[in-house]
Amino acid sequence: MLKDMMPHFDLYQPDTLDAAVDLAGRLGTDGWLLGAGQDSYDWLKNRTKRTPAVIELAGIDALKGVREVDGGLEIGALTTLTEIEEHPVVRERFRVLSLAAGRVASPQIRNAGTLGGNLCQDARCWYYRYGVDCYRAGGNMCYADTPEGMNREHAILGASRCVAVSPSDTATAVVALEGVMVIRSTKGERLVPAADFFVQPAINIQRMTVLEPGEILVAVRIPAKWSGASYYFEKIADRAAWDFALVSIASVFVFEGDLIKDASMVCGAVACVPWVLKGSQDALRGQPRTAETSDKAAWAAVVGAKPLHYNHFKLPLMENLVRRAIREA
Amino acid sequence: MSTQLPEKLVRHAGIDRAFHWLTALVMTVLLVSSLLPIMGIRFVWLELHWSSGVLLTVLVLLHIVRALRGRNGRLMKLRRADFDELKGTLRPGKYSLQQKLIHLAWSAAILVAIITGVVMMVKAGTPFFTRNPYILSYRSWGLVTLLHDLAALASVFLILVHVYFGLLPEKRQYLRSMVGGTVRREELAADHDLDRVARGE
Amino acid sequence: MNILRYGHDAYDKIVIDGISWDMLPVAVVAALAVIVIHQVRRASRKRGQ
């Protein structure tokens, strides 16, 4: 069977947001939303997933660009990752997001890849991507969380039958900055805090985000709260480029003298959602920036972690990233 | 012999009534926790579901032990002669044909759900078992899941039918006896052969 | 309306995954049918008395 040709689908190329929303509403589950296609084409070319129709959003200018709004930013979902990485306001005031965008994949992918696509991308578990009917695909099994499963890159936290991780680098930064997702549909607009945008498998094992059929992520709003804050972003991966994270961290801090006044820390690739380090944040607030404080925060970060057969290394890696983030922000 | 029966008869002991209502509550939690997410109402359901399943298993095991030790197990046994009630040639003892049949149906549905559910716990990941989906083939898991799903559907059907019959005015004595434990002799006499009841049939 | 859900095993063979949840309303309707039939029979018995 040929696996290098895409199956047939109807291609819609709306040039306005209203037309796209209308199409998405009419087509529902039959309408596959396409940004740059760097997640979509894998699925379609491998024939692992099929769709009757594709709605290409690339022609909608209203979904592109970075705008300053009320001291924060509104970033169109179709803004490329390169544009976000290099945008002067993002670099100056929300540098953690610039760094995160700049670590996605490779320059070629970042030149075409979009913020919305990076945030909404599907799980990268190789069993799921291969096309076996795992829980996430609607089946009855998880092939990764087994005694012999190749689960080196899978979750250590928040698993519930599915152990795939959130692969998005920008998601950690957007959640750390307490971003808000702007979602449009024929029913109107709704705003979802970034931390609530991503769905744990315990709640819905077949979805990565709260987007319902017919809904389009149109923009991400970054509030002014963490504007100009100290930051730290690091992505640990097997390769320096074009690889998904083994563990990543995006963090922002507000210091008052020697004390950590406030902190927002999010780890990627340790859970199915960007993992907010609530325990670490609570351990840091009002505390001095010392080795002792960062040790407590590091230990708090891995509370409840359940490593799989091949990913125990993620625990010390996560702890050390937390220490490094506090030390070097 | 039926005249030896007191005015108020003890139909269900306290422990049996407690079992009934606890089981009803646990079954409701099991069905709600599994079916609401399917209907689109999303919440963290898996831990609630399997821990209720474990509780149901304990309750059922205790019930089976009690039934096998006491008289009630024999009283609930379905016999060929019970079908004479349909012809009108036999009046029921403690439990009518209808009651025995509903008990049989519930037993079958719950036992299938428990057995398949416990097996599925090995796959889902619980503190009781090291997760290992390879104890069965994917095809076999599908059949186990199918049986579990069928037991769930049967339970939905049985709950609706059981509650309906329980609330009928002419069956009110049974509901009262399942709450308070007792039934009046003349109420029972309307639908049951008191001589058989007195003989322990 | 489907009766069963189907999936694929690791060898791409079609297997049964479970019941189709289109059957959930069927279970409810079946129970309602029993209730309605019983109510009709009960009413006709009362009229006959």
# chains A, B, ... in the order shown; residues from 1 in each chain; ligands from 1

$ interface_residues --of "chain B" --to "chain A" --cutoff "6 Å" --atoms "only C-alpha atoms" --output "MDAnalysis selection string"
chainID B and resid 42:44 124 132

$ select_by_dssp --residues "range 23-183 of chain B" --states "strand (DSSP E or B)" --output "ChimeraX atom specification"
/B:126,129,182-183

$ residues_around --residues "Phe313 in chain A" --least-positions-apart "5" --cutoff "9 Å" --atoms "only C-alpha atoms" --output "list in words"
Arg152, Pro307 and Met318 of chain A

$ closest_atom_pairs --of "chain B" --to "chain C" --cutoff "12 Å" --atoms "only C-alpha atoms" --output "JSON lines"
{"residue": "B:Leu31", "atom": "CA", "partner": "C:Leu24", "partner_atom": "CA", "distance": 11.5}
{"residue": "B:Ser34", "atom": "CA", "partner": "C:Trp21", "partner_atom": "CA", "distance": 11.5}
{"residue": "B:Leu35", "atom": "CA", "partner": "C:Leu24", "partner_atom": "CA", "distance": 8.9}
{"residue": "B:Leu36", "atom": "CA", "partner": "C:Leu24", "partner_atom": "CA", "distance": 11.3}
{"residue": "B:Pro37", "atom": "CA", "partner": "C:Trp21", "partner_atom": "CA", "distance": 11.4}
{"residue": "B:Ile38", "atom": "CA", "partner": "C:Trp21", "partner_atom": "CA", "distance": 7.7}
{"residue": "B:Met39", "atom": "CA", "partner": "C:Trp21", "partner_atom": "CA", "distance": 8.9}
{"residue": "B:Gly40", "atom": "CA", "partner": "C:Trp21", "partner_atom": "CA", "distance": 11.8}
{"residue": "B:Ser137", "atom": "CA", "partner": "C:Asp9", "partner_atom": "CA", "distance": 8.8}
{"residue": "B:Tyr138", "atom": "CA", "partner": "C:Asp9", "partner_atom": "CA", "distance": 6.0}
{"residue": "B:Arg139", "atom": "CA", "partner": "C:Val15", "partner_atom": "CA", "distance": 5.6}
{"residue": "B:Ser140", "atom": "CA", "partner": "C:Ile16", "partner_atom": "CA", "distance": 8.8}
{"residue": "B:Trp141", "atom": "CA", "partner": "C:Asp17", "partner_atom": "CA", "distance": 7.6}
{"residue": "B:Gly142", "atom": "CA", "partner": "C:Asp17", "partner_atom": "CA", "distance": 4.3}
{"residue": "B:Leu143", "atom": "CA", "partner": "C:Ile16", "partner_atom": "CA", "distance": 6.7}
{"residue": "B:Val144", "atom": "CA", "partner": "C:Gly18", "partner_atom": "CA", "distance": 8.1}
{"residue": "B:Thr145", "atom": "CA", "partner": "C:Gly18", "partner_atom": "CA", "distance": 5.3}
{"residue": "B:Leu146", "atom": "CA", "partner": "C:Gly18", "partner_atom": "CA", "distance": 4.0}
{"residue": "B:Leu147", "atom": "CA", "partner": "C:Gly18", "partner_atom": "CA", "distance": 7.8}
{"residue": "B:His148", "atom": "CA", "partner": "C:Gly18", "partner_atom": "CA", "distance": 8.3}
{"residue": "B:Asp149", "atom": "CA", "partner": "C:Ile19", "partner_atom": "CA", "distance": 5.9}
{"residue": "B:Leu150", "atom": "CA", "partner": "C:Ile19", "partner_atom": "CA", "distance": 7.0}
{"residue": "B:Ala151", "atom": "CA", "partner": "C:Ile19", "partner_atom": "CA", "distance": 10.4}
{"residue": "B:Ala152", "atom": "CA", "partner": "C:Leu24", "partner_atom": "CA", "distance": 9.1}
{"residue": "B:Leu153", "atom": "CA", "partner": "C:Ala27", "partner_atom": "CA", "distance": 6.0}
{"residue": "B:Ala154", "atom": "CA", "partner": "C:Ala27", "partner_atom": "CA", "distance": 7.2}
{"residue": "B:Ser155", "atom": "CA", "partner": "C:Ala27", "partner_atom": "CA", "distance": 9.0}
{"residue": "B:Val156", "atom": "CA", "partner": "C:Ala27", "partner_atom": "CA", "distance": 6.6}
{"residue": "B:Phe157", "atom": "CA", "partner": "C:Ala31", "partner_atom": "CA", "distance": 5.2}
{"residue": "B:Leu158", "atom": "CA", "partner": "C:Ala31", "partner_atom": "CA", "distance": 7.4}
{"residue": "B:Ile159", "atom": "CA", "partner": "C:Ala31", "partner_atom": "CA", "distance": 8.7}
{"residue": "B:Leu160", "atom": "CA", "partner": "C:Ala31", "partner_atom": "CA", "distance": 6.1}
{"residue": "B:Val161", "atom": "CA", "partner": "C:Ala31", "partner_atom": "CA", "distance": 5.8}
{"residue": "B:His162", "atom": "CA", "partner": "C:Ala31", "partner_atom": "CA", "distance": 9.5}
{"residue": "B:Val163", "atom": "CA", "partner": "C:Ile35", "partner_atom": "CA", "distance": 10.4}
{"residue": "B:Tyr164", "atom": "CA", "partner": "C:Ile35", "partner_atom": "CA", "distance": 7.2}
{"residue": "B:Phe165", "atom": "CA", "partner": "C:Ile35", "partner_atom": "CA", "distance": 8.5}
{"residue": "B:Gly166", "atom": "CA", "partner": "C:Ile35", "partner_atom": "CA", "distance": 11.9}
{"residue": "B:Leu167", "atom": "CA", "partner": "C:Ile35", "partner_atom": "CA", "distance": 11.7}
{"residue": "B:Leu168", "atom": "CA", "partner": "C:Gln39", "partner_atom": "CA", "distance": 10.0}
{"residue": "B:Pro169", "atom": "CA", "partner": "C:Arg42", "partner_atom": "CA", "distance": 11.7}
{"residue": "B:Glu170", "atom": "CA", "partner": "C:Arg42", "partner_atom": "CA", "distance": 10.6}

$ write_last_selection --atoms "C-alpha atoms" --output "short mmCIF file (atom, residue, chain, number, x, y, z; two decimals), in the first residue's frame"
data_model
loop_
_atom_site.label_atom_id
_atom_site.label_comp_id
_atom_site.auth_asym_id
_atom_site.auth_seq_id
_atom_site.Cartn_x
_atom_site.Cartn_y
_atom_site.Cartn_z
CA LEU B 31 -22.82 4.42 35.70
CA SER B 34 -18.60 6.19 33.02
CA LEU B 35 -21.55 7.42 30.97
CA LEU B 36 -21.48 11.18 31.58
CA PRO B 37 -18.04 11.59 29.91
CA ILE B 38 -19.36 9.60 26.95
CA MET B 39 -22.25 12.04 26.77
CA GLY B 40 -19.80 14.96 26.72
CA SER B 137 -4.26 -9.70 22.96
CA TYR B 138 -5.76 -6.50 21.59
CA ARG B 139 -8.60 -8.56 20.14
CA SER B 140 -9.32 -10.09 23.55
CA TRP B 141 -9.29 -6.68 25.19
CA GLY B 142 -11.92 -5.64 22.70
CA LEU B 143 -14.13 -8.54 23.75
CA VAL B 144 -13.57 -7.82 27.45
CA THR B 145 -14.49 -4.20 26.84
CA LEU B 146 -17.54 -5.27 24.84
CA LEU B 147 -18.78 -7.45 27.71
CA HIS B 148 -18.18 -4.63 30.18
CA ASP B 149 -20.07 -2.20 27.94
CA LEU B 150 -22.97 -4.67 27.57
CA ALA B 151 -23.14 -5.08 31.35
CA ALA B 152 -23.31 -1.28 31.61
CA LEU B 153 -26.15 -1.07 29.10
CA ALA B 154 -27.97 -3.92 30.83
CA SER B 155 -27.59 -2.04 34.12
CA VAL B 156 -29.08 1.12 32.62
CA PHE B 157 -32.06 -0.93 31.40
CA LEU B 158 -32.44 -2.77 34.71
CA ILE B 159 -32.22 0.37 36.85
CA LEU B 160 -35.04 2.02 34.95
CA VAL B 161 -37.24 -1.08 35.04
CA HIS B 162 -36.40 -1.89 38.67
CA VAL B 163 -37.11 1.64 39.92
CA TYR B 164 -40.37 1.73 37.94
CA PHE B 165 -41.65 -1.48 39.50
CA GLY B 166 -40.42 -0.42 42.91
CA LEU B 167 -42.49 2.74 42.77
CA LEU B 168 -45.74 1.15 41.60
CA PRO B 169 -48.50 1.54 44.23
CA GLU B 170 -49.30 -2.17 44.25
#

$ closest_residue --among "C:Asn2, C:Asp22, C:Asp12, C:Ile37" --to "chain A" --atoms "only C-alpha atoms"
C:Asp12

$ residues_around --residues "range 250-267 of chain A" --least-positions-apart "2" --cutoff "8 Å" --atoms "only C-alpha atoms" --output "VMD selection string"
chain A and resid 96 100 172 to 173 175 to 177 226 229 to 234 247 to 248 269 to 270 274 to 278 280 to 281 284 to 289 318 325 329

$ closest_residue --among "A:Val220, A:Val104, A:Cys134, A:Val182" --to "chain C" --atoms "only C-alpha atoms"
A:Cys134

$ closest_residue --among "A:Ser106, A:Thr290, A:Gln13, A:Ser227" --to "Arg323 in chain A" --atoms "only C-alpha atoms"
A:Thr290

$ residues_around --residues "range 72-89 of chain A" --least-positions-apart "6" --cutoff "6 Å" --atoms "only C-alpha atoms" --output "ChimeraX atom specification"
/A:63-66,98,101-102,110-116,218-224

$ write_last_selection --atoms "N, CA and C atoms" --output "PDB file, in the first residue's frame"
ATOM      1  N   LEU A  63      -5.236  36.988  11.210  1.00  0.00           N
ATOM      2  CA  LEU A  63      -4.695  36.049  12.199  1.00  0.00           C
ATOM      3  C   LEU A  63      -3.186  36.182  12.360  1.00  0.00           C
ATOM      4  N   LYS A  64      -2.622  37.176  11.701  1.00  0.00           N
ATOM      5  CA  LYS A  64      -1.158  37.300  11.739  1.00  0.00           C
ATOM      6  C   LYS A  64      -0.751  38.579  12.468  1.00  0.00           C
ATOM      7  N   GLY A  65       0.427  38.560  13.032  1.00  0.00           N
ATOM      8  CA  GLY A  65       0.995  39.786  13.578  1.00  0.00           C
ATOM      9  C   GLY A  65       0.989  39.852  15.092  1.00  0.00           C
ATOM     10  N   VAL A  66       1.875  40.711  15.588  1.00  0.00           N
ATOM     11  CA  VAL A  66       2.004  40.948  17.029  1.00  0.00           C
ATOM     12  C   VAL A  66       1.555  42.383  17.288  1.00  0.00           C
ATOM     13  N   SER A  98      10.050  34.600  23.389  1.00  0.00           N
ATOM     14  CA  SER A  98      10.959  34.684  22.248  1.00  0.00           C
ATOM     15  C   SER A  98      11.926  33.501  22.252  1.00  0.00           C
ATOM     16  N   ALA A 101       9.993  30.250  21.367  1.00  0.00           N
ATOM     17  CA  ALA A 101       9.699  30.180  19.934  1.00  0.00           C
ATOM     18  C   ALA A 101      10.962  29.873  19.133  1.00  0.00           C
ATOM     19  N   GLY A 102      12.077  30.408  19.615  1.00  0.00           N
ATOM     20  CA  GLY A 102      13.324  30.214  18.900  1.00  0.00           C
ATOM     21  C   GLY A 102      13.940  28.835  19.067  1.00  0.00           C
ATOM     22  N   ARG A 110      10.501  26.998  11.675  1.00  0.00           N
ATOM     23  CA  ARG A 110      10.043  28.210  12.374  1.00  0.00           C
ATOM     24  C   ARG A 110       9.625  29.298  11.389  1.00  0.00           C
ATOM     25  N   ASN A 111      10.234  29.319  10.208  1.00  0.00           N
ATOM     26  CA  ASN A 111       9.871  30.335   9.219  1.00  0.00           C
ATOM     27  C   ASN A 111       8.457  30.142   8.713  1.00  0.00           C
ATOM     28  N   ALA A 112       7.996  28.909   8.711  1.00  0.00           N
ATOM     29  CA  ALA A 112       6.631  28.633   8.238  1.00  0.00           C
ATOM     30  C   ALA A 112       5.684  28.325   9.391  1.00  0.00           C
ATOM     31  N   GLY A 113       6.222  27.705  10.418  1.00  0.00           N
ATOM     32  CA  GLY A 113       5.373  27.270  11.533  1.00  0.00           C
ATOM     33  C   GLY A 113       4.746  28.422  12.279  1.00  0.00           C
ATOM     34  N   THR A 114       3.544  28.189  12.798  1.00  0.00           N
ATOM     35  CA  THR A 114       2.779  29.259  13.444  1.00  0.00           C
ATOM     36  C   THR A 114       2.631  29.006  14.936  1.00  0.00           C
ATOM     37  N   LEU A 115       2.340  30.075  15.648  1.00  0.00           N
ATOM     38  CA  LEU A 115       2.129  29.951  17.091  1.00  0.00           C
ATOM     39  C   LEU A 115       0.931  29.033  17.370  1.00  0.00           C
ATOM     40  N   GLY A 116      -0.161  29.256  16.665  1.00  0.00           N
ATOM     41  CA  GLY A 116      -1.363  28.445  16.862  1.00  0.00           C
ATOM     42  C   GLY A 116      -1.095  26.978  16.588  1.00  0.00           C
ATOM     43  N   VAL A 218      -7.728  31.967  17.410  1.00  0.00           N
ATOM     44  CA  VAL A 218      -7.423  33.103  16.541  1.00  0.00           C
ATOM     45  C   VAL A 218      -6.266  33.945  17.075  1.00  0.00           C
ATOM     46  N   ALA A 219      -6.068  33.963  18.371  1.00  0.00           N
ATOM     47  CA  ALA A 219      -4.998  34.803  18.921  1.00  0.00           C
ATOM     48  C   ALA A 219      -4.632  34.320  20.312  1.00  0.00           C
ATOM     49  N   VAL A 220      -3.460  34.754  20.741  1.00  0.00           N
ATOM     50  CA  VAL A 220      -3.026  34.527  22.119  1.00  0.00           C
ATOM     51  C   VAL A 220      -2.738  35.893  22.729  1.00  0.00           C
ATOM     52  N   ARG A 221      -3.365  36.166  23.856  1.00  0.00           N
ATOM     53  CA  ARG A 221      -3.123  37.448  24.538  1.00  0.00           C
ATOM     54  C   ARG A 221      -2.184  37.218  25.707  1.00  0.00           C
ATOM     55  N   ILE A 222      -1.137  37.991  25.737  1.00  0.00           N
ATOM     56  CA  ILE A 222      -0.194  37.925  26.850  1.00  0.00           C
ATOM     57  C   ILE A 222      -0.429  39.164  27.706  1.00  0.00           C
ATOM     58  N   PRO A 223      -0.844  39.001  28.950  1.00  0.00           N
ATOM     59  CA  PRO A 223      -1.123  40.192  29.770  1.00  0.00           C
ATOM     60  C   PRO A 223       0.164  40.889  30.182  1.00  0.00           C
ATOM     61  N   ALA A 224       0.005  42.086  30.718  1.00  0.00           N
ATOM     62  CA  ALA A 224       1.171  42.903  31.085  1.00  0.00           C
ATOM     63  C   ALA A 224       1.846  42.431  32.368  1.00  0.00           C
TER      64      ALA A 224
END

$ residues_around --residues "Ala123 in chain A" --least-positions-apart "2" --cutoff "8 Å" --atoms "only C-alpha atoms" --output "list in words"
Gln121, Cys125, Tyr128, Arg129, Ala164, Val165, Ser166, Pro167 and Met208 of chain A

$ write_last_selection --atoms "N, CA and C atoms" --output "CSV table (one decimal), in the first residue's frame"
chain,number,residue,atom,x,y,z
A,121,GLN,N,-0.6,21.5,18.4
A,121,GLN,CA,-0.1,20.3,17.8
A,121,GLN,C,-0.5,19.1,18.6
A,125,CYS,N,3.7,11.0,20.7
A,125,CYS,CA,4.0,9.6,21.1
A,125,CYS,C,4.1,8.8,19.8
A,128,TYR,N,1.2,6.4,19.0
A,128,TYR,CA,0.0,7.1,18.5
A,128,TYR,C,0.2,7.6,17.1
A,129,ARG,N,1.4,8.1,16.8
A,129,ARG,CA,1.7,8.6,15.5
A,129,ARG,C,1.8,7.5,14.5
A,164,ALA,N,1.4,10.2,26.8
A,164,ALA,CA,2.0,11.1,25.9
A,164,ALA,C,2.3,12.4,26.6
A,165,VAL,N,3.3,13.2,26.0
A,165,VAL,CA,3.6,14.5,26.6
A,165,VAL,C,3.1,15.6,25.7
A,166,SER,N,3.0,16.8,26.3
A,166,SER,CA,2.7,18.0,25.5
A,166,SER,C,4.0,18.3,24.8
A,167,PRO,N,4.1,18.4,23.5
A,167,PRO,CA,5.3,18.6,22.8
A,167,PRO,C,5.6,20.1,22.5
A,208,MET,N,-6.0,17.1,23.0
A,208,MET,CA,-4.9,17.8,23.6
A,208,MET,C,-5.4,19.2,24.1

$ residues_around --residues "Glu201 in chain B" --least-positions-apart "4" --cutoff "8 Å" --atoms "only C-alpha atoms" --output "mmCIF file with C-alpha atoms, in the first residue's frame"
data_model
loop_
_atom_site.group_PDB
_atom_site.id
_atom_site.type_symbol
_atom_site.label_atom_id
_atom_site.label_comp_id
_atom_site.auth_asym_id
_atom_site.auth_seq_id
_atom_site.Cartn_x
_atom_site.Cartn_y
_atom_site.Cartn_z
ATOM 1 C CA LEU B 75 -35.071 -18.630 48.701
ATOM 2 C CA GLY B 93 -43.300 -17.953 48.455
ATOM 3 C CA LYS B 94 -41.063 -15.187 49.833
ATOM 4 C CA ARG B 196 -45.035 -21.241 51.666
ATOM 5 C CA VAL B 197 -43.574 -18.192 53.377
#

$ atom_distance --atom1 "CA of Ala190 in chain B" --atom2 "CA of His63 in chain B"
29.0 Å

$ atom_distance --atom1 "CA of Val163 in chain A" --atom2 "CA of Pro7 in chain A"
29.3 Å

$ closest_residue --among "C:Val36, C:Ile3, C:Tyr11, C:Gln49" --to "chain A" --atoms "only C-alpha atoms"
C:Tyr11

$ closest_residue --among "A:Tyr135, A:Ala195, A:Ile205, A:Ile156" --to "chain C" --atoms "only C-alpha atoms"
A:Tyr135

$ atom_distance --atom1 "CA of Leu68 in chain B" --atom2 "CA of Asp16 in chain B"
13.3 Å

$ closest_residue --among "A:Arg67, A:Tyr130, A:Asp61, A:Phe94" --to "chain C" --atoms "only C-alpha atoms"
A:Tyr130
